[in-house]
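Q: For reference, the file structure-v2.tsv (TSV, C-alpha atoms and all ligand atoms) is included below:
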chain	number	residue	atom	x	y	z
T	241	MET	CA	-9.65	-20.88	-11.12
T	242	GLN	CA	-9.95	-17.85	-8.89
T	243	GLN	CA	-10.48	-18.95	-5.29
T	244	LYS	CA	-13.13	-17.28	-3.23
T	245	PRO	CA	-11.85	-14.89	-0.58
T	246	MET	CA	-12.21	-16.00	3.03
T	247	SER	CA	-15.49	-15.13	4.76
T	248	LEU	CA	-15.47	-13.27	8.08
T	249	ILE	CA	-16.63	-16.43	9.84
T	250	GLU	CA	-13.83	-18.49	8.33
T	251	PHE	CA	-11.30	-15.83	9.20
T	252	GLN	CA	-12.50	-15.65	12.79
T	253	ARG	CA	-12.26	-19.42	13.10
T	254	LYS	CA	-8.80	-19.62	11.55
T	255	PHE	CA	-7.23	-16.84	13.61
T	256	ALA	CA	-9.08	-17.23	16.89
T	257	THR	CA	-5.98	-17.27	19.11
T	258	GLU	CA	-2.60	-15.53	19.38
T	259	LYS	CA	-0.97	-18.92	18.83
T	260	ALA	CA	-2.77	-19.43	15.53
T	261	CYS	CA	-1.64	-15.96	14.39
T	262	GLN	CA	1.94	-16.61	15.46
T	263	GLU	CA	2.01	-19.92	13.60
T	264	HIS	CA	0.68	-18.31	10.45
T	265	LEU	CA	3.23	-15.51	10.68
T	266	PHE	CA	5.98	-18.07	11.16
T	267	ARG	CA	4.92	-20.00	8.05
T	268	LEU	CA	4.87	-16.85	5.92
T	269	ARG	CA	8.18	-15.58	7.27
T	270	TRP	CA	10.07	-18.86	7.16
T	271	PRO	CA	8.21	-21.13	4.70
T	272	ASP	CA	11.12	-23.62	4.68
T	273	GLY	CA	11.58	-23.60	8.44
T	274	TYR	CA	13.43	-21.21	10.72
T	275	GLN	CA	16.56	-19.55	9.39
T	276	CYS	CA	18.92	-17.37	11.43
T	277	PRO	CA	18.67	-13.77	10.12
T	278	ARG	CA	22.42	-13.35	10.71
T	279	CYS	CA	24.12	-16.55	9.51
T	280	HIS	CA	21.23	-18.39	7.78
T	281	HIS	CA	21.79	-21.49	9.93
T	282	GLU	CA	18.64	-23.59	10.12
T	283	HIS	CA	18.67	-24.86	13.70
T	284	ALA	CA	17.67	-22.84	16.74
T	285	TYR	CA	16.59	-23.21	20.36
T	286	PHE	CA	13.25	-21.70	21.21
T	287	HIS	CA	13.05	-19.79	24.52
T	288	ARG	CA	9.43	-20.28	25.43
T	289	THR	CA	9.23	-17.61	28.12
T	290	ARG	CA	10.92	-14.88	26.07
T	291	HIS	CA	9.51	-15.95	22.71
T	292	LEU	CA	12.97	-15.90	21.16
T	293	TYR	CA	14.77	-18.15	18.73
T	294	GLN	CA	18.47	-18.60	19.46
T	295	CYS	CA	20.68	-19.78	16.60
T	296	LYS	CA	22.55	-23.01	17.42
T	297	ALA	CA	25.49	-21.91	15.28
T	298	CYS	CA	26.10	-18.22	16.09
T	299	GLY	CA	23.89	-17.67	19.15
T	300	TYR	CA	21.96	-14.80	17.54
T	301	GLN	CA	18.57	-14.24	19.11
T	302	ALA	CA	15.60	-13.26	16.99
T	303	SER	CA	11.91	-12.97	17.67
T	304	LEU	CA	9.13	-13.81	15.27
T	305	THR	CA	8.25	-10.14	14.90
T	306	ALA	CA	11.73	-8.52	14.88
T	307	GLY	CA	12.32	-6.67	11.63
T	308	THR	CA	8.59	-6.53	10.82
T	309	ILE	CA	5.96	-3.84	11.43
T	310	PHE	CA	4.78	-5.88	14.45
T	311	HIS	CA	8.08	-5.40	16.29
T	312	ARG	CA	7.49	-4.48	19.97
T	313	THR	CA	3.77	-4.02	19.44
T	314	ARG	CA	1.55	-4.12	22.51
T	315	THR	CA	-1.52	-4.81	20.43
T	316	PRO	CA	-2.38	-8.51	20.09
T	317	LEU	CA	-1.58	-10.04	16.70
T	318	ARG	CA	-5.23	-11.04	16.46
T	319	LYS	CA	-6.21	-7.38	16.19
T	320	TRP	CA	-3.47	-6.68	13.65
T	321	PHE	CA	-4.64	-9.64	11.58
T	322	TRP	CA	-8.23	-8.43	11.62
T	323	MET	CA	-7.14	-4.96	10.63
T	324	ILE	CA	-5.08	-6.24	7.70
T	325	PHE	CA	-7.94	-8.46	6.61
T	326	LEU	CA	-10.46	-5.60	6.70
T	327	VAL	CA	-8.15	-3.09	5.02
T	328	GLY	CA	-7.51	-5.58	2.22
T	329	ARG	CA	-11.14	-6.42	1.88
T	330	GLN	CA	-12.83	-3.03	1.73
T	331	LYS	CA	-12.39	-1.71	-1.80
T	332	SER	CA	-13.33	1.82	-0.85
T	333	GLY	CA	-11.09	1.84	2.22
T	334	ILE	CA	-12.14	1.78	5.86
T	335	SER	CA	-11.94	4.55	8.41
T	336	MET	CA	-9.68	4.30	11.42
T	337	CYS	CA	-12.60	5.30	13.70
T	338	SER	CA	-14.61	2.28	12.54
T	339	LEU	CA	-11.61	0.01	13.00
T	340	GLN	CA	-10.98	1.38	16.47
T	341	ARG	CA	-14.55	0.51	17.49
T	342	MET	CA	-14.70	-2.84	15.72
T	343	LEU	CA	-11.40	-4.07	17.11
T	344	GLU	CA	-11.78	-2.52	20.57
T	345	ILE	CA	-8.54	-0.59	20.38
T	346	LYS	CA	-8.20	1.79	23.28
T	347	THR	CA	-6.83	4.95	21.73
T	348	TYR	CA	-7.22	6.58	18.35
T	349	LYS	CA	-3.46	7.16	18.24
T	350	THR	CA	-2.81	3.41	18.43
T	351	VAL	CA	-5.17	2.58	15.60
T	352	TRP	CA	-3.85	5.52	13.54
T	353	VAL	CA	-0.25	4.30	13.88
T	354	MET	CA	-1.27	0.73	13.02
T	355	GLY	CA	-3.09	1.94	9.92
T	356	HIS	CA	-0.16	3.96	8.69
T	357	LYS	CA	2.29	1.14	9.32
T	358	ILE	CA	0.17	-1.18	7.20
T	359	ARG	CA	-0.11	1.45	4.46
T	360	LYS	CA	3.63	2.01	4.48
T	361	ALA	CA	4.18	-1.72	4.04
T	362	MET	CA	1.78	-1.67	1.08
T	363	ALA	CA	3.57	1.34	-0.43
T	364	ASP	CA	7.02	-0.25	0.00
T	365	ARG	CA	5.81	-3.39	-1.71
T	366	ASP	CA	4.34	-1.53	-4.70
T	367	ALA	CA	7.55	0.49	-5.05
T	368	HIS	CA	9.19	-2.71	-6.36
T	369	TYR	CA	7.13	-2.53	-9.54
T	370	LYS	CA	7.24	-0.08	-12.42
T	371	LEU	CA	4.75	0.50	-15.20
T	372	ALA	CA	5.52	-0.68	-18.75
T	373	GLY	CA	3.93	-0.37	-22.21
T	374	LEU	CA	1.35	2.29	-22.95
T	375	ILE	CA	0.63	4.65	-20.07
T	376	GLU	CA	-2.13	7.22	-19.57
T	377	MET	CA	-1.01	10.05	-17.32
T	378	ASP	CA	-2.94	12.99	-15.93
T	379	ASP	CA	-3.19	15.09	-12.80
T	380	ALA	CA	-5.95	15.71	-10.29
T	381	TYR	CA	-6.59	18.09	-7.41
T	382	PHE	CA	-7.70	17.05	-3.97
T	383	GLY	CA	-9.16	19.12	-1.17
T	384	ALA	CA	-11.42	22.10	-0.75
T	385	SER	CA	-10.99	24.93	-3.24
T	386	LYS	CA	-9.92	28.32	-2.09
T	387	PRO	CA	-10.89	31.50	-3.84
T	388	GLY	CA	-8.58	32.49	-6.65
T	389	LYS	CA	-7.24	30.52	-9.56
T	390	ARG	CA	-8.82	27.26	-10.61
T	391	GLY	CA	-7.41	24.13	-12.20
T	392	ARG	CA	-3.64	23.77	-12.52
T	393	GLY	CA	-2.87	27.07	-10.87
T	394	ALA	CA	-5.23	26.50	-7.91
T	395	SER	CA	-3.71	27.13	-4.52
T	396	GLY	CA	-4.32	25.16	-1.37
T	397	LYS	CA	-5.15	21.94	-3.19
T	398	ALA	CA	-3.07	18.79	-3.13
T	399	LYS	CA	-1.84	17.85	-6.58
T	400	VAL	CA	-1.74	14.21	-7.58
T	401	VAL	CA	-0.30	12.73	-10.75
T	402	VAL	CA	-1.92	9.47	-11.84
T	403	ALA	CA	-0.32	7.00	-14.25
T	404	VAL	CA	-2.20	3.93	-15.50
T	405	GLN	CA	-0.93	1.16	-17.70
T	406	THR	CA	-3.42	0.65	-20.54
T	407	LEU	CA	-3.88	-2.84	-21.94
T	408	GLU	CA	-6.23	-2.62	-24.93
T	409	ASP	CA	-9.52	-1.87	-23.20
T	410	LYS	CA	-8.40	-2.79	-19.71
T	411	ALA	CA	-6.42	-1.02	-17.02
T	412	GLY	CA	-3.20	-2.60	-15.81
T	413	PHE	CA	-1.24	-1.33	-12.84
T	414	VAL	CA	-1.64	2.16	-11.46
T	415	LYS	CA	0.63	4.61	-9.65
T	416	MET	CA	-0.38	7.82	-7.91
T	417	GLU	CA	2.01	10.43	-6.56
T	418	ALA	CA	1.26	13.57	-4.59
T	419	VAL	CA	3.47	16.35	-5.96
T	420	ALA	CA	4.25	19.82	-4.68
T	421	THR	CA	4.01	21.49	-8.08
T	422	LEU	CA	3.11	20.27	-11.50
T	423	SER	CA	6.51	21.14	-12.94
T	424	ALA	CA	8.68	19.39	-15.50
T	425	ARG	CA	11.14	18.50	-12.74
T	426	GLN	CA	8.46	16.76	-10.65
T	427	ILE	CA	7.09	14.89	-13.66
T	428	HIS	CA	10.62	13.79	-14.58
T	429	GLU	CA	11.27	12.55	-11.03
T	430	MET	CA	8.01	10.64	-10.94
T	431	ALA	CA	8.69	9.11	-14.36
T	432	GLN	CA	12.06	7.84	-13.14
T	433	GLU	CA	10.46	6.34	-10.07
T	434	VAL	CA	7.41	4.66	-11.57
T	435	LEU	CA	8.01	4.05	-15.29
T	436	ARG	CA	10.14	1.40	-16.94
T	437	GLU	CA	12.24	2.30	-19.99
T	438	ASN	CA	10.76	2.50	-23.50
T	439	VAL	CA	7.24	3.30	-22.41
T	440	VAL	CA	4.80	5.43	-24.40
T	441	VAL	CA	3.09	8.04	-22.24
T	442	ARG	CA	-0.13	9.69	-23.35
T	443	THR	CA	-0.99	13.01	-21.68
T	444	ASP	CA	-2.80	16.21	-22.51
T	445	GLY	CA	-0.89	19.20	-23.84
T	446	TRP	CA	0.29	20.63	-20.48
T	447	VAL	CA	3.81	21.96	-20.98
T	448	ALA	CA	5.44	20.09	-18.05
T	449	TYR	CA	4.61	16.73	-19.64
T	450	ARG	CA	6.95	17.46	-22.56
T	451	VAL	CA	9.79	16.28	-20.36
T	452	LEU	CA	8.48	12.75	-20.97
T	453	ASN	CA	9.93	12.84	-24.46
T	454	SER	CA	13.36	11.51	-23.61
T	455	ASP	CA	15.81	8.65	-24.19
T	456	HIS	CA	13.72	6.53	-21.83
T	457	SER	CA	10.19	7.25	-22.97
T	458	THR	CA	8.10	8.50	-25.86
T	459	HIS	CA	5.61	11.25	-25.17
T	460	GLU	CA	2.29	11.28	-26.98
T	461	PRO	CA	0.50	14.55	-26.26
T	462	VAL	CA	-3.17	14.57	-27.14
T	463	VAL	CA	-5.08	17.73	-27.84
T	464	VAL	CA	-7.92	17.95	-25.35
T	465	GLY	CA	-10.85	20.27	-25.91
T	466	ASP	CA	-13.35	20.48	-23.08
T	467	GLY	CA	-13.72	18.24	-20.03
T	468	SER	CA	-15.82	15.54	-21.70
T	469	ASP	CA	-13.06	15.06	-24.28
T	470	ALA	CA	-10.54	14.38	-21.55
T	471	VAL	CA	-12.73	11.67	-20.04
T	472	LYS	CA	-12.97	9.92	-23.40
T	473	LEU	CA	-9.26	10.19	-24.11
T	474	PHE	CA	-8.11	9.14	-20.65
T	475	PRO	CA	-10.88	6.87	-19.42
T	476	TRP	CA	-8.90	4.94	-16.82
T	477	VAL	CA	-7.20	7.87	-15.22
T	478	HIS	CA	-10.53	9.62	-14.82
T	479	THR	CA	-12.36	6.60	-13.43
T	480	LEU	CA	-9.64	6.06	-10.84
T	481	ILE	CA	-9.49	9.70	-9.86
T	482	ALA	CA	-13.27	9.83	-9.42
T	483	ASN	CA	-13.15	6.68	-7.27
T	484	ILE	CA	-10.43	7.78	-4.95
T	485	LYS	CA	-11.91	11.25	-4.56
T	486	GLY	CA	-15.21	9.64	-3.58
T	487	ASN	CA	-13.45	7.42	-1.02
T	488	ILE	CA	-11.55	10.26	0.53
T	489	ARG	CA	-14.73	12.31	0.84
T	490	GLY	CA	-16.96	9.46	1.99
T	491	VAL	CA	-14.79	7.22	4.13
T	492	TYR	CA	-11.96	9.35	5.39
T	493	HIS	CA	-13.74	12.72	5.46
T	494	GLY	CA	-10.78	14.44	3.90
T	495	VAL	CA	-7.11	13.63	4.32
T	496	SER	CA	-4.41	16.05	5.31
T	497	GLY	CA	-1.89	16.77	2.55
T	498	LYS	CA	0.95	15.17	4.51
T	499	HIS	CA	-0.72	11.78	4.68
T	500	LEU	CA	-2.31	11.82	1.27
T	501	GLN	CA	0.52	9.80	-0.31
T	502	ARG	CA	-0.09	6.86	2.02
T	503	TYR	CA	-3.83	6.81	1.28
T	504	LEU	CA	-3.01	6.86	-2.42
T	505	ALA	CA	-0.62	3.97	-1.91
T	506	GLU	CA	-3.26	1.94	-0.08
T	507	TYR	CA	-5.74	2.52	-2.88
T	508	CYS	CA	-3.22	1.64	-5.62
T	509	TYR	CA	-2.10	-1.49	-3.77
T	510	ARG	CA	-5.64	-2.87	-3.62
T	511	PHE	CA	-6.42	-1.85	-7.19
T	512	ASN	CA	-3.23	-3.48	-8.48
T	513	ARG	CA	-4.18	-6.76	-6.86
T	514	ARG	CA	-7.92	-6.71	-7.57
T	515	PHE	CA	-7.73	-10.03	-9.44
T	516	TRP	CA	-6.12	-11.84	-6.49
T	517	GLU	CA	-8.67	-11.04	-3.82
T	518	SER	CA	-8.42	-14.44	-2.16
T	519	GLN	CA	-4.69	-13.87	-1.62
T	520	MET	CA	-5.01	-10.27	-0.44
T	521	PHE	CA	-4.65	-11.00	3.28
T	522	ASP	CA	-1.50	-13.11	2.95
T	523	ARG	CA	-0.03	-10.66	0.46
T	524	ILE	CA	-0.45	-7.66	2.76
T	525	LEU	CA	0.79	-9.71	5.71
T	526	THR	CA	3.89	-10.67	3.72
T	527	ALA	CA	4.44	-6.98	2.91
T	528	CYS	CA	4.17	-6.22	6.66
T	529	ILE	CA	6.77	-8.88	7.45
T	530	GLY	CA	9.15	-7.50	4.83
T	531	THR	CA	8.98	-3.89	6.01
T	532	ARG	CA	10.93	-2.42	8.87
T	533	THR	CA	8.69	-0.78	11.43
T	534	VAL	CA	8.44	3.00	11.66
T	535	SER	CA	7.93	5.05	14.77
T	536	TYR	CA	5.08	7.43	15.51
T	537	SER	CA	7.39	10.43	15.09
T	538	GLU	CA	8.60	9.19	11.69
T	539	LEU	CA	5.00	8.75	10.60
T	540	ARG	CA	4.15	12.30	11.60
T	541	GLN	CA	6.87	13.82	9.41
R	601	ZN	ZN	23.10	-17.69	13.31
What is this structure when it is put down as structure tokens?
Ligand SMILES: [Zn+2]

A:
Amino acid sequence: MQQKPMSLIEFQRKFATEKACQEHLFRLRWPDGYQCPRCHHEHAYFHRTRHLYQCKACGYQASLTAGTIFHRTRTPLRKWFWMIFLVGRQKSGISMCSLQRMLEIKTYKTVWVMGHKIRKAMADRDAHYKLAGLIEMDDAYFGASKPGKRGRGASGKAKVVVAVQTLEDKAGFVKMEAVATLSARQIHEMAQEVLRENVVVRTDGWVAYRVLNSDHSTHEPVVVGDGSDAVKLFPWVHTLIANIKGNIRGVYHGVSGKHLQRYLAEYCYRFNRRFWESQMFDRILTACIGTRTVSYSELRQ
């Protein structure tokens, strides 16, 4: 039976102190007890003042947060935990300005970096999985239109390719990639990254999609008349595109092209785990433990 997700009150009670957060992090990181990251020995001294574990076999010193996105953070774990909980909980996403106010984080830069670190962890985690079976694929355009060409030739808009696994009348996993151009080369690269072998990919008749007919996949182009046809033929892709466009307009008030990929990743991560809502917090936290931290300058690239 699906467990109910934790209420805010329960969450507040459970993670009321730094110690409670540290203990939870420890249990997720080392479920079978501490293990030296270097030699895998299971016994260590704990230096209380420096918060370090020192391996009894090789002397290696490790902290609870080393090698995770929380490494060297000056923000209390309690605030990180709340942020992860709220990001996982809010289906339409949550703005960094609201989080900054709710969690009493001093500067916008701090909350911005935290948000992107969490999103990167979510993206890294989802990168482990590829789509299989029957896939619907289509592209969408984000951002304000500029005068000139419309649709696929439009300039100044971010292009996003969306791929959804279709299971009878349900949607399975989804992947979204921001691409520079909607060329055969980009579609081929994305297919290699996100699709398993022997998939069937249904798209409209756009020429670049022909590259999907290969040794690894079968391409099923569908003739699309007007817009309403496309919605009927690719229902999932269009529902998801409409949702994420609404979120970006409503919650984030637009997203710069550079950071679009991370917002897409956050959305896909939550969508892909929508049936495990009660586990969302621990799942994102585990992703944050398993991802090396990135610096502010790396995030700005
Ligand atoms: Zn060791």

Q: Taking 2 positions as the minimum chain separation for residues in the same chain, which residues sit within 12 Å of Phe515 in chain T when counting only C-alpha atoms? Answer as a PyMOL selection string.

A: chain T and resi 241-245+411-413+509-513+517-520

Q: Output the neighbourhood of ligand ZN 601 (chain R) as an MDAnalysis selection string, that is, all protein and nucleic acid residues with some atom at most 8 Å from the ligand, counting all atoms listed in the file.

A: chainID T and resid 275:281 294:300

Q: Applying 12 Å and all atoms listed in the file, which residues near Ala256 in chain T remain after dropping the ones on its own chain fewer than 6 positions away? List them as a PDB file with C-alpha atoms, in the frame of the given file.

A:
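Listing of part_38.pdb after writing:
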ATOM      1  CA  LEU T 248     -15.470 -13.270   8.080  1.00  0.00           C
ATOM      2  CA  ILE T 249     -16.630 -16.430   9.840  1.00  0.00           C
ATOM      3  CA  GLU T 250     -13.830 -18.490   8.330  1.00  0.00           C
ATOM      4  CA  GLN T 262       1.940 -16.610  15.460  1.00  0.00           C
ATOM      5  CA  GLU T 263       2.010 -19.920  13.600  1.00  0.00           C
ATOM      6  CA  HIS T 264       0.680 -18.310  10.450  1.00  0.00           C
ATOM      7  CA  PRO T 316      -2.380  -8.510  20.090  1.00  0.00           C
ATOM      8  CA  LEU T 317      -1.580 -10.040  16.700  1.00  0.00           C
ATOM      9  CA  ARG T 318      -5.230 -11.040  16.460  1.00  0.00           C
ATOM     10  CA  LYS T 319      -6.210  -7.380  16.190  1.00  0.00           C
ATOM     11  CA  PHE T 321      -4.640  -9.640  11.580  1.00  0.00           C
ATOM     12  CA  TRP T 322      -8.230  -8.430  11.620  1.00  0.00           C
TER      13      TRP T 322
END

Q: From the list T:Thr479, T:Thr347, T:Gln501, T:Gln252, which residue is nearest Ala420 in chain T when using only C-alpha atoms?

A: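 Residue with the minimum atom-to-atom distance to Ala420 in chain T: T:Gln501.
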
Q: So the first atom is CA of Trp516 in chain T and the second is CA of Trp352 in chain T; what is the distance between them in Å, to one decimal place?

A: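 Rounded to one decimal, the two atoms are 26.6 Å apart.
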
Q: Which residues, written as a list in words, have at least one atom at most 6 Å from Pro461 in chain T, with all atoms listed in the file counted and residues fewer than 2 positions away on the same chain left out?

A: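 What passes the distance filter is Arg442, Thr443, Asp444 and Gly445 of chain T.
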
Q: List as a PyMOL selection string the residues having at least one atom at most 6 Å from position (-0.5, 16.5, -6.0) as given in the file, counting only C-alpha atoms.

A: chain T and resi 398-400+418-420

Q: Can you work out the spacing between CA of Arg288 in chain T and CA of Phe255 in chain T in Å, to one decimal?

A: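 A separation of 20.7 Å between them.
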
Q: With all atoms listed in the file counted, which protein, DNA or RNA residues have an atom no more than 10 Å from (11.4, 16.0, -18.0) in the file frame? Please answer as number ranges by chain.

A: T: 423-432, 448-454

Q: Please compute the CA of Arg312 in chain T-CA of Lys254 in chain T distance, one decimal, in Å.

A: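 Between CA of Arg312 in chain T and CA of Lys254 in chain T the gap is 23.8 Å.
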
Q: Could you check which of T:Tyr507, T:Phe474, T:Trp446, T:Phe286 is closest to Asp366 in chain T, using only C-alpha atoms?

A: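 The answer is T:Tyr507, which sits nearest to Asp366 in chain T.
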
Q: Which residue, T:Asp378, T:Ser335, T:Tyr369, T:Ser303, has the smallest gap to Ala470 in chain T when you use all atoms listed in the file?

A: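 Using all atoms listed in the file, the shortest distance to Ala470 in chain T belongs to T:Asp378.
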
Q: Find, counting only C-alpha atoms, the residue in T:Met336, T:Ala306, T:Leu371, T:Cys528 that gets nearest to Val440 in chain T.

A: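 For Val440 in chain T, the nearest of the given residues is T:Leu371.
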
Q: Contacts of Asn487 in chain T at 12 Å or less, counting all atoms listed in the file, minus same-chain residues fewer than 5 places along, as a list in words?

A: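 The contact residues come out as Gln330, Lys331, Ser332, Gly333, Ile334, Ser335, Phe382, Leu480, Ile481, Ala482, Tyr492, His493, Gly494, Val495, Tyr503, Leu504, Glu506 and Tyr507 of chain T.
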
Q: Pick out the closest residue to His478 in chain T from this set: T:Lys397, T:Met377, T:Arg436, T:Phe251. Count only C-alpha atoms.

A: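 For His478 in chain T, the nearest of the given residues is T:Met377.
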